[in-house]
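Asks: Next comes the structure file final.txt, holding compact mmCIF, C-alpha atoms and all ligand atoms.
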# COMPACT_ATOMS: atom_id res chain seq x y z
CA ALA A 1 12.31 -8.54 39.10
CA THR A 2 13.46 -9.53 35.64
CA LEU A 3 13.25 -6.91 32.94
CA ARG A 4 11.38 -8.26 29.98
CA ILE A 5 12.39 -7.31 26.48
CA ALA A 6 8.93 -5.90 25.89
CA ASP A 7 9.44 -3.38 28.71
CA VAL A 8 12.54 -2.04 27.04
CA GLU A 9 11.28 -2.00 23.49
CA PHE A 10 8.00 -0.28 24.17
CA GLU A 11 8.90 2.01 27.02
CA LYS A 12 9.31 5.32 25.24
CA PRO A 13 6.72 6.01 22.55
CA LEU A 14 3.64 5.19 24.54
CA GLN A 15 2.80 7.97 26.95
CA GLU A 16 -0.12 10.07 25.82
CA ASN A 17 0.19 12.28 28.92
CA GLU A 18 -3.42 13.06 29.45
CA GLU A 19 -5.25 13.22 32.72
CA LYS A 20 -7.77 10.54 33.50
CA ILE A 21 -11.27 11.52 32.43
CA SER A 22 -13.87 11.44 35.19
CA TYR A 23 -17.43 10.33 34.53
CA ALA A 24 -18.63 11.58 37.91
CA GLY A 25 -22.30 12.46 37.62
CA SER A 26 -22.68 10.99 34.14
CA GLN A 27 -25.49 8.49 33.77
CA LEU A 28 -26.65 5.61 31.61
CA TRP A 29 -30.25 5.99 30.48
CA LYS A 30 -32.46 3.51 28.70
CA VAL A 31 -34.62 5.48 26.27
CA VAL A 32 -37.73 4.17 24.52
CA LEU A 33 -37.89 5.18 20.87
CA GLU A 34 -40.95 3.98 18.96
CA THR A 35 -41.07 6.64 16.25
CA ASN A 36 -38.71 8.28 13.80
CA SER A 37 -39.43 11.74 15.15
CA LYS A 38 -38.30 10.57 18.58
CA LYS A 39 -35.17 9.08 17.06
CA LYS A 40 -34.43 12.48 15.53
CA VAL A 41 -34.53 14.13 18.93
CA ILE A 42 -31.87 11.70 20.13
CA ALA A 43 -29.79 12.19 16.98
CA LYS A 44 -29.74 15.95 17.62
CA LEU A 45 -28.61 15.51 21.21
CA ARG A 46 -25.92 13.24 19.90
CA ASP A 47 -24.72 15.85 17.41
CA THR A 48 -24.49 18.44 20.18
CA ARG A 49 -22.52 15.88 22.23
CA ASP A 50 -24.93 16.00 25.15
CA LEU A 51 -25.22 12.25 24.96
CA SER A 52 -23.52 9.32 23.29
CA MET A 53 -24.84 5.98 22.09
CA TRP A 54 -23.92 2.82 23.90
CA GLY A 55 -26.19 0.18 22.50
CA GLY A 56 -29.68 -1.17 22.65
CA ASN A 57 -32.11 -2.62 20.18
CA LEU A 58 -34.73 -1.38 17.76
CA THR A 59 -37.14 -0.05 20.40
CA ALA A 60 -34.99 1.00 23.34
CA ILE A 61 -31.47 2.37 23.34
CA ASP A 62 -28.84 2.92 26.01
CA VAL A 63 -27.32 6.38 26.06
CA LEU A 64 -24.64 7.96 28.18
CA VAL A 65 -25.80 11.35 29.41
CA LYS A 66 -23.04 13.72 30.45
CA ALA A 67 -23.22 15.16 33.96
CA LYS A 68 -23.64 18.71 32.73
CA SER A 69 -26.26 17.77 30.13
CA LYS A 70 -28.69 15.89 32.38
CA GLY A 71 -31.12 18.81 32.76
CA LEU A 72 -31.12 19.68 29.09
CA VAL A 73 -31.59 16.09 27.94
CA LYS A 74 -34.38 15.50 30.46
CA ASN A 75 -36.19 18.60 29.18
CA GLN A 76 -35.90 17.51 25.57
CA LEU A 77 -37.16 14.02 26.32
CA ASP A 78 -40.08 15.25 28.43
CA LEU A 79 -40.99 17.84 25.82
CA ASN A 80 -41.16 15.15 23.13
CA GLY A 81 -42.94 12.57 25.26
CA ILE A 82 -39.99 10.21 25.24
CA GLN A 83 -39.90 7.66 28.06
CA TYR A 84 -36.64 6.87 29.80
CA GLU A 85 -35.21 5.15 32.82
CA ILE A 86 -31.93 5.76 34.65
CA ILE A 87 -29.91 2.55 34.60
CA ILE A 88 -26.59 3.74 36.06
CA ASP A 89 -26.91 6.63 38.45
CA ASP A 90 -23.22 7.52 38.65
CA LEU A 91 -21.05 6.15 35.90
CA GLN A 92 -17.79 6.96 37.65
CA LYS A 93 -18.86 4.92 40.64
CA ALA A 94 -19.70 1.99 38.35
CA ILE A 95 -16.26 2.36 36.74
CA ASP A 96 -14.56 2.43 40.15
CA ASP A 97 -16.41 -0.72 41.26
CA GLU A 98 -15.93 -2.65 38.03
CA ASN A 99 -12.37 -3.85 38.36
CA PRO A 100 -11.23 -4.61 41.91
CA PRO A 101 -7.47 -4.76 42.44
CA VAL A 102 -6.12 -8.29 42.23
CA ASP A 103 -4.99 -9.32 45.67
CA GLU A 104 -1.59 -10.70 44.98
CA ASP A 105 -0.18 -13.06 47.53
CA GLU A 106 2.97 -11.39 48.86
CA ASP A 107 4.73 -14.69 49.45
CA GLU A 108 4.26 -15.82 45.90
CA GLY A 109 6.12 -12.84 44.44
CA LEU A 110 5.15 -11.05 41.28
CA GLU A 111 4.07 -14.06 39.30
CA ASN A 112 1.28 -15.97 40.95
CA ARG A 113 1.30 -19.70 41.58
CA GLN A 114 0.31 -20.55 38.01
CA GLY A 115 3.41 -18.86 36.67
CA HIS A 116 1.52 -15.99 35.08
CA ARG A 117 -0.55 -13.05 36.21
CA MET A 118 -3.93 -13.73 34.64
CA THR A 119 -6.75 -14.34 37.12
CA TRP A 120 -10.01 -13.91 35.17
CA GLN A 121 -11.25 -12.23 38.32
CA ALA A 122 -10.09 -8.82 37.13
CA TYR A 123 -9.49 -7.05 33.85
CA HIS A 124 -5.80 -7.08 33.10
CA ARG A 125 -3.50 -4.64 31.34
CA LEU A 126 -1.92 -5.34 27.97
CA ASP A 127 1.38 -6.37 29.50
CA ASP A 128 -0.24 -9.09 31.63
CA VAL A 129 -2.02 -10.47 28.57
CA HIS A 130 1.08 -10.46 26.39
CA SER A 131 3.28 -11.97 29.11
CA TYR A 132 0.67 -14.67 29.49
CA LEU A 133 0.98 -15.60 25.81
CA ASP A 134 4.78 -15.76 26.24
CA TYR A 135 4.29 -17.98 29.27
CA LEU A 136 2.12 -20.37 27.27
CA GLU A 137 4.66 -20.58 24.49
CA GLN A 138 7.41 -21.39 26.99
CA THR A 139 5.34 -23.83 29.01
CA TYR A 140 3.63 -25.70 26.16
CA PRO A 141 6.10 -25.46 23.27
CA ALA A 142 4.59 -28.44 21.46
CA LEU A 143 1.16 -26.84 21.40
CA CYS A 144 1.55 -23.07 21.62
CA SER A 145 3.53 -20.54 19.66
CA SER A 146 3.25 -16.77 19.74
CA GLN A 147 4.03 -14.28 17.03
CA VAL A 148 3.97 -10.52 16.66
CA ILE A 149 2.05 -9.87 13.46
CA GLY A 150 2.53 -6.12 13.36
CA SER A 151 2.33 -3.09 15.56
CA SER A 152 -0.16 -0.42 16.50
CA VAL A 153 -0.01 3.28 15.70
CA HIS A 154 2.06 3.83 18.85
CA GLY A 155 4.28 0.84 18.22
CA ARG A 156 2.72 -1.68 20.55
CA PRO A 157 2.92 -5.29 19.37
CA LEU A 158 -0.04 -7.14 17.93
CA LYS A 159 0.60 -10.45 19.61
CA LEU A 160 -0.96 -13.64 18.34
CA LEU A 161 -1.09 -17.11 19.88
CA LYS A 162 -1.37 -20.19 17.72
CA ILE A 163 -2.57 -23.42 19.28
CA SER A 164 -1.99 -26.44 17.10
CA ASN A 165 -1.11 -30.12 17.31
CA GLY A 166 0.78 -29.62 14.07
CA LYS A 167 -1.13 -32.11 11.94
CA PRO A 168 -0.83 -31.18 8.25
CA GLY A 169 -4.51 -31.43 7.29
CA ASN A 170 -5.86 -29.13 10.00
CA LYS A 171 -8.49 -26.53 9.22
CA ALA A 172 -7.85 -23.09 10.65
CA ILE A 173 -9.94 -20.73 12.75
CA TRP A 174 -9.21 -17.12 13.63
CA VAL A 175 -10.43 -15.53 16.88
CA ASP A 176 -9.85 -11.92 17.85
CA GLY A 177 -10.82 -9.66 20.71
CA GLY A 178 -10.36 -6.11 21.85
CA MET A 179 -10.90 -4.44 18.50
CA HIS A 180 -12.93 -1.88 20.42
CA ALA A 181 -10.95 -0.57 23.35
CA ARG A 182 -13.68 -0.22 25.98
CA GLU A 183 -15.12 -3.70 25.50
CA TRP A 184 -12.95 -5.18 28.22
CA ILE A 185 -14.93 -8.38 28.50
CA SER A 186 -13.69 -9.34 25.03
CA PRO A 187 -9.92 -9.79 25.71
CA ALA A 188 -10.81 -11.31 29.08
CA THR A 189 -12.99 -13.85 27.28
CA VAL A 190 -10.46 -14.65 24.56
CA THR A 191 -7.68 -15.25 27.10
CA TYR A 192 -10.00 -17.37 29.23
CA ILE A 193 -10.83 -19.49 26.19
CA ILE A 194 -7.15 -19.85 25.36
CA ASN A 195 -6.47 -21.02 28.91
CA HIS A 196 -9.34 -23.47 28.85
CA LEU A 197 -8.34 -24.88 25.49
CA VAL A 198 -4.69 -25.33 26.41
CA LEU A 199 -5.50 -27.07 29.69
CA ASN A 200 -8.29 -29.29 28.34
CA ILE A 201 -7.47 -29.96 24.72
CA ASP A 202 -6.92 -33.67 25.38
CA SER A 203 -10.50 -34.11 26.52
CA GLU A 204 -12.00 -32.30 23.51
CA PRO A 205 -13.28 -34.36 20.57
CA ASN A 206 -10.78 -35.15 17.83
CA GLU A 207 -12.18 -32.66 15.36
CA LEU A 208 -11.44 -29.81 17.80
CA GLN A 209 -7.95 -31.12 18.50
CA ASN A 210 -7.26 -31.16 14.77
CA ILE A 211 -7.78 -27.44 14.31
CA ASP A 212 -5.17 -24.72 14.05
CA TRP A 213 -6.41 -21.99 16.37
CA TYR A 214 -5.16 -18.43 15.90
CA PHE A 215 -5.97 -16.04 18.72
CA LEU A 216 -5.37 -12.29 18.74
CA PRO A 217 -6.70 -11.27 22.18
CA ILE A 218 -6.07 -7.52 21.84
CA ALA A 219 -6.40 -6.20 18.29
CA ASN A 220 -6.34 -2.58 19.44
CA PRO A 221 -3.58 -2.32 22.05
CA ASP A 222 -3.26 1.49 22.02
CA GLY A 223 -6.98 1.95 22.54
CA TYR A 224 -7.04 -0.75 25.20
CA GLU A 225 -4.29 0.87 27.23
CA TYR A 226 -5.86 4.30 26.75
CA SER A 227 -9.14 2.94 28.11
CA HIS A 228 -7.24 1.87 31.24
CA THR A 229 -5.11 4.97 31.73
CA THR A 230 -7.19 7.86 30.46
CA ASP A 231 -10.69 7.32 29.12
CA ARG A 232 -12.55 4.20 30.24
CA LEU A 233 -15.05 4.61 27.39
CA TRP A 234 -12.62 4.96 24.48
CA ARG A 235 -13.62 2.82 21.47
CA LYS A 236 -11.29 3.49 18.50
CA ASN A 237 -7.57 3.13 17.95
CA ARG A 238 -5.34 6.11 18.74
CA ALA A 239 -4.41 7.39 15.28
CA ARG A 240 -4.15 11.18 15.17
CA SER A 241 -6.26 12.94 12.59
CA GLY A 242 -6.54 16.68 13.03
CA GLN A 243 -8.70 17.74 15.94
CA CYS A 244 -9.73 14.24 16.90
CA ALA A 245 -8.08 10.91 17.52
CA GLY A 246 -8.98 7.44 16.50
CA THR A 247 -10.29 5.29 13.68
CA ASP A 248 -12.96 2.69 14.35
CA LEU A 249 -11.08 -0.48 13.41
CA ASN A 250 -14.34 -2.31 12.79
CA ARG A 251 -15.16 0.18 10.03
CA ASN A 252 -11.70 0.07 8.48
CA PHE A 253 -11.70 -3.34 6.77
CA GLY A 254 -11.73 -3.43 3.02
CA TYR A 255 -15.05 -5.00 2.13
CA LYS A 256 -17.71 -2.40 1.23
CA TRP A 257 -15.58 0.12 3.09
CA GLY A 258 -17.12 3.54 3.74
CA GLY A 259 -20.76 2.59 3.28
CA LYS A 260 -23.71 2.63 5.66
CA GLY A 261 -23.09 2.96 9.38
CA SER A 262 -19.57 4.28 9.02
CA GLY A 263 -18.33 7.86 9.25
CA ARG A 264 -16.15 10.27 7.26
CA ASN A 265 -15.55 12.63 10.15
CA PRO A 266 -12.54 11.74 12.34
CA CYS A 267 -14.42 12.98 15.41
CA GLN A 268 -17.12 10.32 15.02
CA GLU A 269 -17.06 7.11 17.04
CA ILE A 270 -17.60 5.19 13.80
CA TYR A 271 -14.93 6.99 11.76
CA ALA A 272 -13.86 4.59 9.00
CA GLY A 273 -10.35 6.01 8.48
CA THR A 274 -8.86 7.54 5.35
CA GLY A 275 -9.26 4.37 3.30
CA PRO A 276 -9.61 0.61 3.60
CA PHE A 277 -6.90 -0.77 5.92
CA SER A 278 -5.49 2.70 6.53
CA GLU A 279 -4.68 1.60 10.09
CA PRO A 280 -1.66 -0.55 10.98
CA GLU A 281 -3.82 -2.74 13.24
CA THR A 282 -6.26 -3.80 10.50
CA ALA A 283 -3.52 -3.94 7.86
CA ALA A 284 -1.57 -6.38 10.03
CA ILE A 285 -4.58 -8.67 10.37
CA ARG A 286 -5.18 -8.59 6.63
CA THR A 287 -1.55 -9.32 5.82
CA PHE A 288 -1.33 -12.16 8.30
CA ILE A 289 -4.56 -13.87 7.28
CA THR A 290 -4.04 -13.53 3.56
CA SER A 291 -0.36 -14.51 3.58
CA THR A 292 -0.55 -17.44 6.00
CA LYS A 293 -0.94 -20.79 4.33
CA ALA A 294 -3.81 -22.02 6.46
CA LYS A 295 -7.09 -23.67 5.58
CA TRP A 296 -9.19 -20.80 6.90
CA ARG A 297 -12.69 -21.95 7.67
CA ALA A 298 -13.93 -19.67 10.43
CA TYR A 299 -13.52 -16.13 11.71
CA VAL A 300 -14.84 -15.06 15.11
CA SER A 301 -14.57 -11.56 16.54
CA PHE A 302 -15.58 -10.93 20.14
CA HIS A 303 -17.20 -7.62 21.02
CA SER A 304 -19.60 -6.34 23.63
CA TYR A 305 -22.32 -5.79 24.53
CA GLY A 306 -25.89 -6.96 23.83
CA GLN A 307 -25.66 -10.78 23.67
CA TYR A 308 -25.80 -11.31 19.92
CA ILE A 309 -24.37 -13.89 17.55
CA LEU A 310 -24.08 -12.05 14.23
CA TYR A 311 -23.01 -13.14 10.77
CA PRO A 312 -22.63 -11.36 7.39
CA TRP A 313 -23.65 -9.22 5.90
CA GLY A 314 -23.13 -6.33 8.22
CA TYR A 315 -22.83 -3.59 5.61
CA ASP A 316 -26.54 -3.62 4.85
CA ARG A 317 -29.75 -5.51 5.50
CA VAL A 318 -28.90 -8.29 3.07
CA VAL A 319 -27.80 -11.90 3.46
CA THR A 320 -25.26 -14.21 1.86
CA PRO A 321 -26.25 -17.09 -0.44
CA ASP A 322 -25.32 -19.58 2.31
CA TYR A 323 -26.95 -17.65 5.15
CA LYS A 324 -29.07 -20.64 6.15
CA GLU A 325 -25.96 -22.57 7.11
CA LEU A 326 -24.64 -19.60 9.04
CA GLN A 327 -28.00 -19.22 10.75
CA THR A 328 -28.14 -22.92 11.70
CA VAL A 329 -24.71 -22.74 13.32
CA ALA A 330 -25.60 -19.47 15.10
CA GLN A 331 -28.77 -21.07 16.39
CA LYS A 332 -26.81 -24.08 17.66
CA ALA A 333 -24.30 -21.78 19.32
CA SER A 334 -27.06 -19.85 21.03
CA ASN A 335 -28.66 -23.11 22.18
CA ALA A 336 -25.33 -24.32 23.55
CA ILE A 337 -25.05 -21.15 25.63
CA ARG A 338 -28.54 -21.68 27.03
CA ALA A 339 -27.89 -25.36 27.70
CA SER A 340 -24.80 -24.43 29.72
CA GLY A 341 -26.90 -22.21 31.97
CA GLY A 342 -26.14 -18.96 30.17
CA PRO A 343 -28.53 -16.18 29.10
CA ALA A 344 -30.32 -15.72 25.77
CA TYR A 345 -28.16 -14.67 22.82
CA THR A 346 -30.05 -13.29 19.82
CA PHE A 347 -28.72 -14.45 16.45
CA GLY A 348 -29.06 -13.30 12.85
CA PRO A 349 -27.43 -11.37 10.03
CA ALA A 350 -25.62 -8.35 11.50
CA GLY A 351 -27.09 -5.63 9.29
CA SER A 352 -30.72 -6.45 9.97
CA THR A 353 -30.36 -7.84 13.50
CA LEU A 354 -28.33 -4.95 14.92
CA TYR A 355 -27.78 -2.15 12.42
CA PRO A 356 -25.92 -1.79 9.11
CA ALA A 357 -22.23 -1.02 9.60
CA SER A 358 -19.77 -1.32 6.73
CA GLY A 359 -16.08 -2.02 6.84
CA GLY A 360 -16.50 -4.68 9.53
CA SER A 361 -13.95 -7.44 9.96
CA ASP A 362 -16.60 -10.18 9.66
CA ASP A 363 -17.73 -8.99 6.23
CA TRP A 364 -14.13 -8.86 5.03
CA ALA A 365 -13.37 -12.33 6.40
CA LYS A 366 -16.38 -13.72 4.58
CA GLY A 367 -16.49 -11.55 1.47
CA THR A 368 -12.83 -11.15 0.64
CA VAL A 369 -11.03 -14.04 2.31
CA GLY A 370 -13.83 -16.56 1.95
CA MET A 371 -13.81 -17.78 5.54
CA LYS A 372 -17.12 -19.57 5.50
CA TYR A 373 -18.18 -19.25 9.13
CA ALA A 374 -17.66 -15.58 9.93
CA TYR A 375 -19.18 -14.32 13.16
CA THR A 376 -19.21 -11.33 15.44
CA ILE A 377 -20.25 -12.27 18.95
CA GLU A 378 -21.49 -9.49 21.19
CA LEU A 379 -20.91 -10.72 24.74
CA ARG A 380 -22.71 -9.70 27.93
CA ASP A 381 -24.60 -7.97 29.13
CA SER A 382 -27.95 -6.81 27.74
CA GLY A 383 -27.81 -3.30 29.12
CA ARG A 384 -27.53 -3.34 32.91
CA TYR A 385 -23.83 -2.42 33.03
CA GLY A 386 -23.05 -2.24 29.33
CA PHE A 387 -19.34 -1.73 28.76
CA VAL A 388 -18.69 -1.35 32.49
CA LEU A 389 -19.39 -5.00 33.24
CA PRO A 390 -18.05 -5.94 36.69
CA ALA A 391 -15.13 -8.36 36.62
CA THR A 392 -17.20 -10.96 38.48
CA TYR A 393 -18.93 -11.59 35.14
CA ILE A 394 -15.75 -12.60 33.32
CA LYS A 395 -15.94 -16.31 34.14
CA PRO A 396 -19.63 -16.89 33.36
CA THR A 397 -19.41 -14.80 30.17
CA ALA A 398 -16.25 -16.51 28.96
CA THR A 399 -17.62 -19.95 29.79
CA GLU A 400 -20.66 -19.45 27.62
CA ALA A 401 -18.56 -17.83 24.87
CA TRP A 402 -16.48 -20.99 24.74
CA GLN A 403 -19.65 -23.04 24.28
CA ALA A 404 -20.54 -20.90 21.29
CA LEU A 405 -17.04 -21.00 19.84
CA ARG A 406 -16.94 -24.79 20.11
CA VAL A 407 -20.06 -25.04 18.00
CA ILE A 408 -18.59 -22.75 15.35
CA ALA A 409 -15.29 -24.64 15.40
CA GLN A 410 -17.12 -27.94 14.98
CA ALA A 411 -18.90 -26.59 11.92
CA ALA A 412 -15.58 -25.31 10.62
CA ALA A 413 -13.93 -28.69 11.11
CA ALA A 414 -16.66 -30.62 9.31
N1 LIG A 501 -21.18 -3.72 17.39
C1 LIG A 501 -20.38 -4.06 16.24
C2 LIG A 501 -19.84 -2.80 15.61
O1 LIG A 501 -20.49 -1.78 15.65
C3 LIG A 501 -21.19 -4.85 15.29
C4 LIG A 501 -20.49 -5.26 14.04
C5 LIG A 501 -21.26 -6.29 13.27
N2 LIG A 501 -20.66 -6.51 11.99
C6 LIG A 501 -20.84 -5.71 10.94
N3 LIG A 501 -20.11 -5.93 9.88
N4 LIG A 501 -21.71 -4.75 10.94
O2 LIG A 501 -18.75 -2.77 15.16
ZN ZN A 502 -17.32 -3.59 19.49
What would you get if you wrote out this structure as structure tokens?
Replies:
Amino acid sequence: ATLRIADVEFEKPLQENEEKISYAGSQLWKVVLETNSKKKVIAKLRDTRDLSMWGGNLTAIDVLVKAKSKGLVKNQLDLNGIQYEIIIDDLQKAIDDENPPVDEDEDEGLENRQGHRMTWQAYHRLDDVHSYLDYLEQTYPALCSSQVIGSSVHGRPLKLLKISNGKPGNKAIWVDGGMHAREWISPATVTYIINHLVLNIDSEPNELQNIDWYFLPIANPDGYEYSHTTDRLWRKNRARSGQCAGTDLNRNFGYKWGGKGSGRNPCQEIYAGTGPFSEPETAAIRTFITSTKAKWRAYVSFHSYGQYILYPWGYDRVVTPDYKELQTVAQKASNAIRASGGPAYTFGPAGSTLYPASGGSDDWAKGTVGMKYAYTIELRDSGRYGFVLPATYIKPTATEAWQALRVIAQAAAA
């Protein structure tokens, strides 16, 4: 096998040398919370680390209950008349079933018949994704170019793919994925979209051909790898800060940094970092976007889960002056998903539709950079598997995500 430069450059600094965390006996519960007093019970159990929040909506939330805390949590819920339902009985089993090994055809060698390793039938490691971007650049040099825009805390490259027909007047759109490590469906979706766009760009309408597309499939490479090697449910990057590791990159952007829905304590899942853009991953995105001479019109960040199309503001329950235009496009995107046979995606301003969370990339893209159509799309599902979405869902999820992205890109091109 050929030794790629990437293997040499990034061999040493990466090992975190921790054993893989088992979630044997841990469960996913859906908990009904109609009152504030009930919400407080959950908040307490969260503080004592007996459970952690996954997602949910205003009335019911999904929580991960640790194996050893099941009895205690059940008691607390029963005592306070809180209804719940067990959604995943054994989280480790769900994790083991999520990502079947890719059956590689022996005769075809390491690289499969397409000349790359991506299958969209399994979740792939960082190296497969990055090699795929290199493959595209080599195979479609007139259309694709890749660029390393910076590196992560542990020195992994932040690798971007630009797709462009090179026309001077093109408007530009940014798409990223994998900002949160455990949301594996996001990089899978972004790479699927890249593949689809490269192979079918000639049959897209002119306005989509005349766009400069910038894709960063894995914005948090350290976290992503860590979620494969050590902790499947890791969310943040891997910056060291005292007792705990990790900054939430989607709380680290410099618009209304440190406000509602972000944390000061490094041990929190929503830790905002020591200051705006304190992390190399977010700083690289800022530097690239603000220093590239592109006609930025749209910003789209793919996350999971919950099936939402969200737009600014996210820092609070307030809207932008042009929110009606953002809402119209979100509505169209949601309709396009439905029309393609996909499920319902809820749309609205992030802060009031989901929850306020400041320091998000979407708010920065809109508020600081002025990218008009800024969206965060929360992909599938709506709480059956949550983050541990089986790989069989990659293709349907990515297909509908492309329908939504097309609508946003069309608005951006207009
Ligand atoms: N689930 C995403 C997060 O928690 C939602 C972000 C939406 N955008 C925002 N600026 N609040 O990061
Ligand atoms: Zn996320």
Asks: Write out as a list in words the residues lying within 8 Å of Ala336 of chain A, counting all atoms listed in the file and excluding same-chain residues fewer than 5 positions away.
Replies: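 Surrounding residues, per the criterion: Glu400, Gln403, Ala404 and Val407 of chain A.
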Asks: Restricting the calculation to all atoms listed in the file, which member of A:His180, A:Arg338, A:Arg264, A:Arg406 is positioned closest to ligand ZN 502 (chain A)?
Replies: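 When distances to ligand ZN 502 (chain A) are compared using all atoms listed in the file, the smallest one comes from A:His180.
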Asks: What residues of the protein or nucleic acid chains come within 9 Å of ligand ZN 502 (chain A) when you use all atoms listed in the file? Reply as a list of chain:residue names.
Replies: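 Taking all atoms listed in the file into account, the residues around ligand ZN 502 (chain A) at most 9 Å away are A:Gly177, A:Gly178, A:Met179, A:His180, A:Ala181, A:Arg182, A:Glu183, A:Ser186, A:Arg235, A:Asn250, A:Ser301, A:Phe302, A:His303, A:Ser304, A:Tyr305, A:Thr376, A:Glu378.
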Asks: A:Ala365, A:Ala391, A:Leu33, A:Leu405: which is nearest ligand LIG 501 (chain A), counting all atoms listed in the file?
Replies: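 Of A:Ala365, A:Ala391, A:Leu33, A:Leu405, the one nearest ligand LIG 501 (chain A), counting all atoms listed in the file, is A:Ala365.
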Asks: Residues proximal to (-25.4, 13.7, 26.9) were defined as those with any atom within 9 Å of that point in the file's coordinates, counting all atoms listed in the file. Which are they, as a ChimeraX atom specification?
Replies: /A:26-27,45-46,48-52,63-70,72-73
Asks: How would the residues just picked look written out with C-alpha atoms as a compact mmCIF listing (two decimals), in the frame of the given file?
Replies:
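Generated output (selection.txt):
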# COMPACT_ATOMS: atom_id res chain seq x y z
CA SER A 26 -22.68 10.99 34.14
CA GLN A 27 -25.49 8.49 33.77
CA LEU A 45 -28.61 15.51 21.21
CA ARG A 46 -25.92 13.24 19.90
CA THR A 48 -24.49 18.44 20.18
CA ARG A 49 -22.52 15.88 22.23
CA ASP A 50 -24.93 16.00 25.15
CA LEU A 51 -25.22 12.25 24.96
CA SER A 52 -23.52 9.32 23.29
CA VAL A 63 -27.32 6.38 26.06
CA LEU A 64 -24.64 7.96 28.18
CA VAL A 65 -25.80 11.35 29.41
CA LYS A 66 -23.04 13.72 30.45
CA ALA A 67 -23.22 15.16 33.96
CA LYS A 68 -23.64 18.71 32.73
CA SER A 69 -26.26 17.77 30.13
CA LYS A 70 -28.69 15.89 32.38
CA LEU A 72 -31.12 19.68 29.09
CA VAL A 73 -31.59 16.09 27.94
Asks: Residues within 7 Å of ligand LIG 501 (chain A) (all atoms listed in the file), as a ChimeraX atom specification?
Replies: /A:250-251,303-304,310,312-315,350-351,355-363,376,378
Asks: So which residues touch Tyr132 of chain A within 6 Å, counting all atoms listed in the file, skipping near sequence neighbours fewer than 3 positions away, as a count of residues only?
Replies: 3
Asks: Find the residue from A:Ala330, A:Asp212, A:Glu204, A:Lys44 that sits nearest to Leu161 of chain A; use all atoms listed in the file when measuring.
Replies: A:Asp212
